[in-house]
Amino acid sequence: MALKLDVRHRQTWRLIKFLLIVFALNNELKAQLKIQVEDHSGIARKSWPVTGGVPFAKGSVFQKEDIGLAEKASQSRVLSRWSDGSIKWLLLDYQVDIEPENKSSDTIIMSGESLSEGNELIESNDEIFVDTGVLKFSVSKNKFGFINQMWLDLNNNGKYELGEQIVSANSGQDHFIDLQANNPNRPTIPYSIRNLNEGTSRSVINEQPTVKGGSRWIRPEGGGEETRKRARDGIYTAEIVEHGSLRTVIKLKGRIGSSGDDNDYSIWIHAYNGKSFLRIQHNFMFRGNPQITNIRRMGLTLPLDFTSAPKFKAAGLPKDVTVGNADNAYLYNAGPEDVFHLEHNSFPLYWKVQAGTQNVEGTQKTDGWIEVNSGKFGVTMVMKDMAYKYPKELSYNGDGKSLTAWMWPDHGNQVLDLRASGWDYGMQGISFSHDIFYNFSGKADELKSSEFAALVNDPLQPYVNPDWYSYKETKAAGMIMPHSDDKFPKTEALLATGTTFIERSMTEFGWLGMLNYGDMMFMYAYQKEDRPLGTWGISSRSDDYDGWRRGNTMISYRLFMQYLRTGEYRYWKAASAHLEFVRDVLIKHYNSNDSRFVGFGRRHSAYWGVTPADENDRNGGVAWDGYGTNWLGHYLHWNMTGDWRTYEVINDIRYAWNEWGNKDVDQIKGGAFVGLKLIGGIPGYEEAVTEADSFYASALDRTANPGDEWRDNTWFFGYGLYLQDNPHPGIEKAIIDWWKAGKHNKDRWGLYWHRESMSAAYWAAKDDYKMRNSIYKELSTIGSTESQSSSRIEAQSGLYKTYGLSGLFDCDIVPLADAVTKDTQKGYWRAKDDIMQQQWDEPLGMAVIDHYRENLLTSVEKKDSENSWFDLAVDSTNMNELYFKITLDRASDFELEVFTMTGQSVWNYNQTEKKKGEYKVAWNGYKDSKGKERNGFYIVRLMVDSDQKTRKFIVR
């Protein structure tokens, strides 16, 4: 009976604790948690849709219905969960009013308003209908028809009347690709001696290339036979993947053509409550043989029910033009064909508008929109980042009364050549994504096409605050340090200048184009006066297809981390572009010869399936390991956006891990274990948690018997993240053993490359103060930028003080480049790999240092532990001498250490003789670098075994 009563009491207590947690969270959210968005378009927004993820601490929220916005309707979806089932990241949809270049804030609360009337969804056997309140459309469930039918509430009476249908079924909807059989001739020179500014090169080995291939994926067409493939002839599915009162998403997936080797597509149609525009998220995946065919055209066509000739407008066109039934009007843009277009701020982004007799051209980037309007209704079509993803085209055909978004343009006489050096299947398995927006408008609509284009090119991303994402609050993005110029001035200068250099390199050095946009090749070299060019950052291989495959896959994760630490929107845009590049271009999504290679990333290697002798690398390249696929970047991107394409690719990465994790690729084991555990928290991928267990034994074995200590660090970084979710005794022990064995000092790349591992060991140590002290000492001295005084760090600090965080984006690139490469080989202007490494692990080490120092300071105010057999006192009665008095009731050695109030260690003393009794240790004070005695408050700490006591004292 007593036992039952005890159990009942325990259950009651657990319930009380849970309610207290919920109550505390509710109060905290009401008082503190503001979510904000910031406009950078310069255009006012009214009830503009916002979609983004918000993290929550483990154990705080379990049901999505428990979270909402104060006095505002919202829609939510769980993006990932912690191991205890609580919500880790929650996707929120809501709408905001925001003035140009301004911020809008809302308060997250426990529970919130839901919209009583919102998007209406009706599904039959043949069609899916979506009604936003002002726009109604359908898609076919049986055969590709894109937008099958559409109605627009032109008179704003809440009904769709007979004359308000603007798209009719089976009236010309199409998704097609034109394949050209005759490949253009390959160039006959390798990139051996080259002038990157001019984009030229010449051979050095008997004027013959070392391998077959070519530098360009954009080539003049070869004039061969063309074959048109259509989505309506291929396999097809349509499904509702997301639906709520504020946003509905329908996914169309299929094949462009009827044969088994035709190419795949995915289309996600996003519809927003109260809005008459649609976001079309399109992805194409190449499954063909690039050695025998090129892509000459690719388009997505939407017919319109115009009853009269519409007027045509376009970005760059000074006045509208009426388009007759026999006319075709278009906006076309292009860029340099050669991949080595590194001319600083001078490469052209050519565009042309042709409409009737009007012909306008330019070389600055196009805003990427066209509009057709019959007077009864109009449509604006925008391709997001069109200028940077060249070559592209948007067109209206008068004969078919249809709009076409060209993923590969009709004009320009160019083909997409997907061959690559070294492998017969070239770039088979590559994909690329586009966002196309259609705004359907009536006579009374006031939003101009140029304004709509500016808004969709500047999507609002919700953000809380730096602490919320860090080790201090939710820990949902890892144990990272929030931005702090006060605590880490040198380190923040290093991170700001290095990260800005990466971000600006993407556009200012010109790595643009459909297959290169987002590729932040941080190891750039460019020429000034008589300085020579860099090498490895462009190519150290003998092949001639470098431009497509030189992205470092971890950059987007580093930029996401910097964005979460600072809230700087520029980092968000750069990270998103790079993530898309890695996700679509650098990860293989199909292999007709061997499906086992699906999901591999490529970092140093563009070769899939070659032998190590061919590439001097592992099969598939270095990127077989956890960081090569940038799985952390994908994981964060999914959680911050709920992007369905990212969701698909995460499963590709999961497939590769499960296929190769316990085979000859030893790097993958630790990354697979940790990554699968995290991925298993994503709805739909729950089985990954169990899949991870098959890697546990091999990961621990690799940790205990390393073949290359450098390669251990990526695992330990992942372990460090995983530890914050579901502590695992075996992993904790492995990390601690790694530290105690001193492996971090055996790395050929230096301590900088192991700070993430050391940070993981610090968190694993928990109450082992002695171990945490030793890790802190290394991280805060030789392992910290704050302790460094190299010319590079001083240059970066000086630049940061001059411009500040936001000013770095506008300063001259020359001093920025000089600052981040101050210590590199003379004559090279390039950001070294170790600088970029610090974008990744510095915030982890900073978090450890900050945590240690904060706990050191707070420990002075805490009561001593239960270990009363030792004591510490400070004797400052004598103005000329200061003593520390130690009392030991049993034999033991001990250590004394003095810190400033900022946590800087300034003195230590070790007593190695083990005996009990009283000790009196003198301290002569602290002098700064100029030999001046420093008065003020200090902290002294006594370490005995694995326990400690601290005291605060003053030197006058």
# chains A, B, ... in the order shown; residues from 1 in each chain; ligands from 1
$ residues_around --residues "segment 248-251 of chain A" --least-positions-apart "6" --cutoff "7 Å" --atoms "only C-alpha atoms" --output "PyMOL selection string"
chain A and resi 238-242+267-272
$ closest_atom_pairs --of "segment 277-359 of chain A" --to "segment 447-466 of chain A" --cutoff "9 Å" --atoms "only C-alpha atoms" --output "Markdown table"
| residue | atom | partner | partner_atom | distance |
| --- | --- | --- | --- | --- |
| A:Lys313 | CA | A:Ser449 | CA | 8.7 |
| A:Ala314 | CA | A:Ser449 | CA | 8.5 |
| A:Ala315 | CA | A:Ser450 | CA | 7.2 |
$ closest_residue --among "A:Gly684, A:Gly52, A:Gly42, A:Gly429" --to "Trp638 of chain A" --atoms "only C-alpha atoms"
A:Gly52
$ residues_around --residues "Gly260 of chain A" --least-positions-apart "6" --cutoff "12 Å" --atoms "only C-alpha atoms" --output "list in words"
Asp233, Gly234, Ile235, Gly254, Arg287, Gly288 and Ser592 of chain A
$ select_by_dssp --residues "segment 403-500 of chain A" --states "strand (DSSP E or B)" --output "PyMOL selection string"
chain A and resi 403-408+414-416+431-441+463
$ write_last_selection --atoms "N, CA, C and O atoms" --output "JSON list (two decimals), in the first residue's frame"
[["chain", "number", "residue", "atom", "x", "y", "z"],
["A", 403, "LEU", "N", 2.12, 32.18, -71.24],
["A", 403, "LEU", "CA", 3.38, 32.57, -70.61],
["A", 403, "LEU", "C", 4.27, 31.34, -70.49],
["A", 403, "LEU", "O", 3.79, 30.27, -70.11],
["A", 404, "THR", "N", 5.57, 31.51, -70.75],
["A", 404, "THR", "CA", 6.52, 30.42, -70.57],
["A", 404, "THR", "C", 7.70, 30.90, -69.75],
["A", 404, "THR", "O", 8.31, 31.94, -70.06],
["A", 405, "ALA", "N", 7.99, 30.16, -68.70],
["A", 405, "ALA", "CA", 9.21, 30.37, -67.92],
["A", 405, "ALA", "C", 10.24, 29.38, -68.44],
["A", 405, "ALA", "O", 10.05, 28.16, -68.34],
["A", 406, "TRP", "N", 11.33, 29.91, -68.99],
["A", 406, "TRP", "CA", 12.35, 29.07, -69.63],
["A", 406, "TRP", "C", 13.50, 28.83, -68.64],
["A", 406, "TRP", "O", 14.27, 29.73, -68.35],
["A", 407, "MET", "N", 13.61, 27.59, -68.14],
["A", 407, "MET", "CA", 14.75, 27.23, -67.31],
["A", 407, "MET", "C", 16.02, 27.17, -68.15],
["A", 407, "MET", "O", 17.12, 27.44, -67.65],
["A", 408, "TRP", "N", 15.87, 26.81, -69.42],
["A", 408, "TRP", "CA", 16.95, 26.99, -70.40],
["A", 408, "TRP", "C", 16.32, 27.69, -71.60],
["A", 408, "TRP", "O", 15.30, 27.25, -72.13],
["A", 414, "GLN", "N", 22.18, 28.63, -77.40],
["A", 414, "GLN", "CA", 23.11, 27.95, -76.50],
["A", 414, "GLN", "C", 22.53, 26.63, -76.03],
["A", 414, "GLN", "O", 21.31, 26.44, -76.01],
["A", 415, "VAL", "N", 23.42, 25.72, -75.65],
["A", 415, "VAL", "CA", 22.99, 24.45, -75.09],
["A", 415, "VAL", "C", 23.60, 24.28, -73.70],
["A", 415, "VAL", "O", 24.65, 24.86, -73.37],
["A", 416, "LEU", "N", 22.93, 23.47, -72.88],
["A", 416, "LEU", "CA", 23.45, 23.07, -71.58],
["A", 416, "LEU", "C", 24.19, 21.76, -71.78],
["A", 416, "LEU", "O", 23.58, 20.72, -72.05],
["A", 431, "SER", "N", 20.97, 18.33, -60.40],
["A", 431, "SER", "CA", 19.64, 18.95, -60.45],
["A", 431, "SER", "C", 19.81, 20.46, -60.31],
["A", 431, "SER", "O", 20.89, 20.94, -59.96],
["A", 432, "PHE", "N", 18.77, 21.20, -60.59],
["A", 432, "PHE", "CA", 18.78, 22.64, -60.35],
["A", 432, "PHE", "C", 17.36, 23.10, -60.09],
["A", 432, "PHE", "O", 16.39, 22.52, -60.59],
["A", 433, "SER", "N", 17.24, 24.14, -59.24],
["A", 433, "SER", "CA", 15.94, 24.61, -58.78],
["A", 433, "SER", "C", 15.70, 26.05, -59.20],
["A", 433, "SER", "O", 16.64, 26.84, -59.32],
["A", 434, "HIS", "N", 14.42, 26.38, -59.38],
["A", 434, "HIS", "CA", 14.00, 27.75, -59.70],
["A", 434, "HIS", "C", 12.72, 28.07, -58.96],
["A", 434, "HIS", "O", 11.88, 27.20, -58.74],
["A", 435, "ASP", "N", 12.59, 29.34, -58.57],
["A", 435, "ASP", "CA", 11.36, 29.86, -58.00],
["A", 435, "ASP", "C", 10.72, 30.79, -59.01],
["A", 435, "ASP", "O", 11.33, 31.79, -59.42],
["A", 436, "ILE", "N", 9.49, 30.46, -59.42],
["A", 436, "ILE", "CA", 8.74, 31.27, -60.38],
["A", 436, "ILE", "C", 7.47, 31.74, -59.69],
["A", 436, "ILE", "O", 6.74, 30.93, -59.09],
["A", 437, "PHE", "N", 7.20, 33.03, -59.76],
["A", 437, "PHE", "CA", 6.02, 33.60, -59.13],
["A", 437, "PHE", "C", 5.09, 34.14, -60.20],
["A", 437, "PHE", "O", 5.53, 34.78, -61.16],
["A", 438, "TYR", "N", 3.78, 33.87, -60.01],
["A", 438, "TYR", "CA", 2.73, 34.42, -60.89],
["A", 438, "TYR", "C", 1.80, 35.26, -60.03],
["A", 438, "TYR", "O", 1.22, 34.76, -59.06],
["A", 439, "ASN", "N", 1.67, 36.52, -60.37],
["A", 439, "ASN", "CA", 0.73, 37.41, -59.67],
["A", 439, "ASN", "C", -0.42, 37.73, -60.63],
["A", 439, "ASN", "O", -0.22, 38.39, -61.66],
["A", 440, "PHE", "N", -1.62, 37.26, -60.29],
["A", 440, "PHE", "CA", -2.82, 37.45, -61.12],
["A", 440, "PHE", "C", -3.59, 38.64, -60.57],
["A", 440, "PHE", "O", -3.95, 38.67, -59.38],
["A", 441, "SER", "N", -3.84, 39.62, -61.41],
["A", 441, "SER", "CA", -4.39, 40.89, -60.91],
["A", 441, "SER", "C", -5.57, 41.35, -61.73],
["A", 441, "SER", "O", -5.67, 41.07, -62.93],
["A", 463, "TYR", "N", 13.06, 35.84, -37.44],
["A", 463, "TYR", "CA", 14.26, 35.70, -36.59],
["A", 463, "TYR", "C", 13.88, 36.10, -35.17],
["A", 463, "TYR", "O", 13.10, 37.05, -34.97]]
